[in-house]
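The file my_file_26.pdb comes next; it holds PDB, C-alpha atoms, pLDDT in the B column.
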ATOM      1  CA  MET A  43      87.635  98.169  51.952  1.00 60.00           C
ATOM      2  CA  SER A  44      84.777  99.345  54.142  1.00 79.00           C
ATOM      3  CA  ASP A  45      85.415  96.494  56.588  1.00 83.00           C
ATOM      4  CA  GLN A  46      89.096  97.462  56.801  1.00 81.00           C
ATOM      5  CA  ASN A  47      88.187 101.095  57.507  1.00 87.00           C
ATOM      6  CA  ALA A  48      85.694 100.033  60.185  1.00 88.00           C
ATOM      7  CA  LEU A  49      88.336  97.823  61.803  1.00 86.00           C
ATOM      8  CA  THR A  50      90.896 100.627  61.728  1.00 88.00           C
ATOM      9  CA  ARG A  51      88.407 103.065  63.303  1.00 91.00           C
ATOM     10  CA  SER A  52      87.452 100.565  65.982  1.00 91.00           C
ATOM     11  CA  ILE A  53      91.066  99.816  66.899  1.00 90.00           C
ATOM     12  CA  THR A  54      91.973 103.513  66.830  1.00 91.00           C
ATOM     13  CA  LYS A  55      89.105 104.284  69.204  1.00 92.00           C
ATOM     14  CA  ARG A  56      90.203 101.534  71.639  1.00 91.00           C
ATOM     15  CA  LEU A  57      93.836 102.643  71.446  1.00 91.00           C
ATOM     16  CA  LEU A  58      92.952 106.248  72.212  1.00 92.00           C
ATOM     17  CA  SER A  59      90.852 105.061  75.141  1.00 92.00           C
ATOM     18  CA  ILE A  60      93.549 102.844  76.648  1.00 89.00           C
ATOM     19  CA  LEU A  61      96.245 105.487  76.115  1.00 89.00           C
ATOM     20  CA  GLU A  62      94.244 107.850  78.320  1.00 91.00           C
ATOM     21  CA  GLU A  63      94.235 105.338  81.186  1.00 88.00           C
ATOM     22  CA  PRO A  64      96.952 105.745  83.820  1.00 89.00           C
ATOM     23  CA  ILE A  65      99.130 102.767  84.644  1.00 86.00           C
ATOM     24  CA  PRO A  66      97.195 100.847  87.319  1.00 89.00           C
ATOM     25  CA  CYS A  67      98.578 100.392  90.834  1.00 88.00           C
ATOM     26  CA  ASP A  68      97.337  96.833  91.217  1.00 91.00           C
ATOM     27  CA  PRO A  69      99.875  94.293  89.859  1.00 89.00           C
ATOM     28  CA  ALA A  70      97.170  92.160  88.209  1.00 90.00           C
ATOM     29  CA  ASP A  71      95.726  95.219  86.464  1.00 92.00           C
ATOM     30  CA  GLN A  72      99.216  96.286  85.366  1.00 91.00           C
ATOM     31  CA  ARG A  73      99.762  92.894  83.774  1.00 92.00           C
ATOM     32  CA  ARG A  74      96.314  93.004  82.126  1.00 93.00           C
ATOM     33  CA  GLN A  75      97.021  96.440  80.683  1.00 92.00           C
ATOM     34  CA  TYR A  76     100.448  95.370  79.408  1.00 92.00           C
ATOM     35  CA  CYS A  77      99.013  92.250  77.756  1.00 93.00           C
ATOM     36  CA  GLU A  78      96.215  94.255  76.154  1.00 92.00           C
ATOM     37  CA  LEU A  79      98.663  96.831  74.814  1.00 92.00           C
ATOM     38  CA  LEU A  80     100.885  94.074  73.449  1.00 91.00           C
ATOM     39  CA  GLU A  81      97.951  92.418  71.712  1.00 92.00           C
ATOM     40  CA  LEU A  82      96.623  95.706  70.358  1.00 90.00           C
ATOM     41  CA  GLU A  83     100.031  96.606  68.984  1.00 89.00           C
ATOM     42  CA  GLY A  84     100.034  93.621  66.650  1.00 89.00           C
ATOM     43  CA  VAL A  85      96.432  94.154  65.608  1.00 90.00           C
ATOM     44  CA  ALA A  86      97.004  97.889  65.045  1.00 90.00           C
ATOM     45  CA  GLN A  87      99.927  97.210  62.722  1.00 88.00           C
ATOM     46  CA  THR A  88      97.815  94.807  60.689  1.00 87.00           C
ATOM     47  CA  ALA A  89      94.931  97.289  60.561  1.00 87.00           C
ATOM     48  CA  ARG A  90      97.227 100.025  59.254  1.00 86.00           C
ATOM     49  CA  VAL A  91      96.632 102.433  62.131  1.00 91.00           C
ATOM     50  CA  GLU A  92      98.439 105.754  61.709  1.00 92.00           C
ATOM     51  CA  GLN A  93     102.131 105.722  62.609  1.00 94.00           C
ATOM     52  CA  TRP A  94     101.904 108.376  65.331  1.00 94.00           C
ATOM     53  CA  LEU A  95      99.368 106.226  67.155  1.00 93.00           C
ATOM     54  CA  LEU A  96     101.563 103.149  66.797  1.00 93.00           C
ATOM     55  CA  ASP A  97     104.433 105.177  68.280  1.00 95.00           C
ATOM     56  CA  GLU A  98     102.267 106.247  71.237  1.00 94.00           C
ATOM     57  CA  LEU A  99     101.155 102.660  71.714  1.00 93.00           C
ATOM     58  CA  GLN A 100     104.747 101.457  71.810  1.00 94.00           C
ATOM     59  CA  VAL A 101     105.682 104.041  74.448  1.00 94.00           C
ATOM     60  CA  ALA A 102     102.647 103.078  76.560  1.00 92.00           C
ATOM     61  CA  ARG A 103     103.427  99.367  76.215  1.00 92.00           C
ATOM     62  CA  GLU A 104     107.028  99.917  77.271  1.00 94.00           C
ATOM     63  CA  ALA A 105     105.921 101.973  80.302  1.00 92.00           C
ATOM     64  CA  ALA A 106     103.368  99.339  81.298  1.00 92.00           C
ATOM     65  CA  GLY A 107     105.955  96.581  80.897  1.00 91.00           C
ATOM     66  CA  GLU A 108     108.411  98.507  83.046  1.00 93.00           C
ATOM     67  CA  ALA A 109     105.757  98.920  85.756  1.00 90.00           C
ATOM     68  CA  VAL A 110     105.109  95.163  85.701  1.00 90.00           C
ATOM     69  CA  LEU A 111     108.829  94.414  86.057  1.00 91.00           C
ATOM     70  CA  ILE A 112     109.307  96.919  88.874  1.00 91.00           C
ATOM     71  CA  THR A 113     106.335  95.533  90.787  1.00 87.00           C
ATOM     72  CA  ALA A 114     107.590  91.979  90.296  1.00 84.00           C
ATOM     73  CA  GLY A 115     111.036  92.977  91.560  1.00 84.00           C
ATOM     74  CA  GLU A 116     109.580  94.679  94.629  1.00 81.00           C
ATOM     75  CA  THR A 117     107.375  91.683  95.346  1.00 75.00           C
ATOM     76  CA  ARG A 118     110.370  89.344  95.177  1.00 75.00           C
ATOM     77  CA  ARG A 119     112.331  91.460  97.664  1.00 75.00           C
ATOM     78  CA  HIS A 120     109.575  91.236 100.262  1.00 61.00           C
TER      79      HIS A 120
END
File written out as structure tokens:
Amino acid sequence: MSDQNALTRSITKRLLSILEEPIPCDPADQRRQYCELLELEGVAQTARVEQWLLDELQVAREAAGEAVLITAGETRRH
């Protein structure tokens, strides 16, 4: 159980850190952030992170994904 608690604390700490980061302007960094959020979302659910944090993570992932799509659309137009 101690290992599970340590994992949950570690993931919670990383989630709180990434949630404080603004969405990057650089398209490659936007994609990196989106992929990291997507990966962390699955891990966080497995680690039984608190629901409010999972909700915040989902909102951040959706915002990052939207930024990636908008940038891709703008790039295609030019």
Spell out the residues picked by the PyMOL selection byres ((chain A and resi 109) around 12) here, as number ranges by chain. A: 64-76, 102-108, 110-116
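Between atom CA of A:Arg118 and atom CA of A:Val101 the interatomic distance comes to 25.8 Å.
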Translate the PyMOL selection byres ((chain A and resi 91-95) around 10) into a concrete residue list for this structure, as number ranges by chain. A: 47, 49-51, 53-54, 57-58, 61, 83, 85-90, 96-101
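The space separating atom CA of A:Glu63 from atom CA of A:Arg119 comes to 28.1 Å.
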Assuming 6 Å of padding per side, give the centre and edge lengths of the axis-aligned box around every listed atom of stretch 69-78 of chain A, in Å to one decimal and as JSON.
{"center_x": 98.1, "center_y": 94.3, "center_z": 83.0, "size_x": 16.7, "size_y": 16.3, "size_z": 25.7}
